[in-house]
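Some notes on the structure that comes next.
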Amino acid sequence: MNRASSPVGMMLQFAFGPGGIARPASGPATHATGAVACETAPQLLALAASAKAWWEASRPEGWSLEQHLADPAAGCNASALERALAEAVAHWLKDDT
């Protein structure tokens, strides 16, 4: 599955670019154009950063990043939406190689 195929994946890729490297909020919007992009880029960046921070904070104590990427929903509650967000964030962070 392509990491940009889900809405959350597209949002994360827009905000951070390929590979999860953050762009500054004042940087150019390379994935969208026009006035709407200028207005939404900082909002998407904040949303993506929040999703990533939430996922990292939910990592079980003592787990490495690799362990959490292998089981991205660990630490989540039973909510299907929460688990889906955790999986989308982890999927986006994984390398394509």
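Each chain in the structure tokens gets a letter, A, B, ..., in the order shown, and its residues are numbered from 1; ligands are numbered from 1 in order too.
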Which polymer residues have any atom within 10 Å of an atom of Trp63 (chain A), counting only C-alpha atoms, with same-chain residues fewer than 5 positions away left out, as a PyMOL selection string? chain A and resi 68-69+74
Residues from last step as file, N, CA and C atoms, as a compact mmCIF listing (two decimals), in the first residue's frame:
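Saved as result_32.txt:
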# COMPACT_ATOMS: atom_id res chain seq x y z
N HIS A 68 7.84 -0.75 17.85
CA HIS A 68 6.57 -0.04 17.72
C HIS A 68 6.12 -0.01 16.27
N LEU A 69 7.05 0.12 15.33
CA LEU A 69 6.68 0.08 13.91
C LEU A 69 6.13 -1.29 13.53
N ALA A 74 0.06 -1.00 19.32
CA ALA A 74 0.36 -1.30 20.72
C ALA A 74 0.27 -0.02 21.52
Near Arg59 (chain A), counting only C-alpha atoms, which residues have an atom at most 12 Å away, once you skip same-chain residues fewer than 6 positions from it, shown as a PyMOL selection string? chain A and resi 52-53+65-76+86+90
Write a file of the just-selected residues containing C-alpha atoms, as a tab-separated table (two decimals), in the first residue's frame.
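Output file again-v6.tsv follows:
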chain	number	residue	atom	x	y	z
A	52	LYS	CA	3.13	11.67	15.24
A	53	ALA	CA	3.67	12.95	18.80
A	65	LEU	CA	11.01	2.44	17.46
A	66	GLU	CA	11.44	-0.76	15.45
A	67	GLN	CA	9.25	-2.73	17.86
A	68	HIS	CA	6.57	-0.04	17.72
A	69	LEU	CA	6.68	0.08	13.91
A	70	ALA	CA	6.17	-3.70	13.87
A	71	ASP	CA	3.09	-3.38	16.12
A	72	PRO	CA	1.93	0.22	15.64
A	73	ALA	CA	-1.36	-0.15	17.52
A	74	ALA	CA	0.36	-1.30	20.72
A	75	GLY	CA	-0.57	1.12	23.45
A	76	CYS	CA	-3.83	2.12	21.76
A	86	ALA	CA	-1.62	4.58	14.77
A	90	ALA	CA	3.61	4.05	11.49
Report, in Å with one decimal, the straight-line distance from CA of Lys94 (chain A) to CA of Trp55 (chain A).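 Pair CA of Lys94 (chain A) / CA of Trp55 (chain A) returns 13.6 Å.
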Closest of A:Ala41, A:Ala78, A:Ala84, A:Val89 to Trp54 (chain A), counting only C-alpha atoms, is A:Val89
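Taking CA of Leu47 (chain A) as the reference point, CA of Gly62 (chain A) is found at 26.4 Å.
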Between CA of Asn77 (chain A) and CA of Ser58 (chain A), what is the distance, to one decimal in Å? 9.8 Å
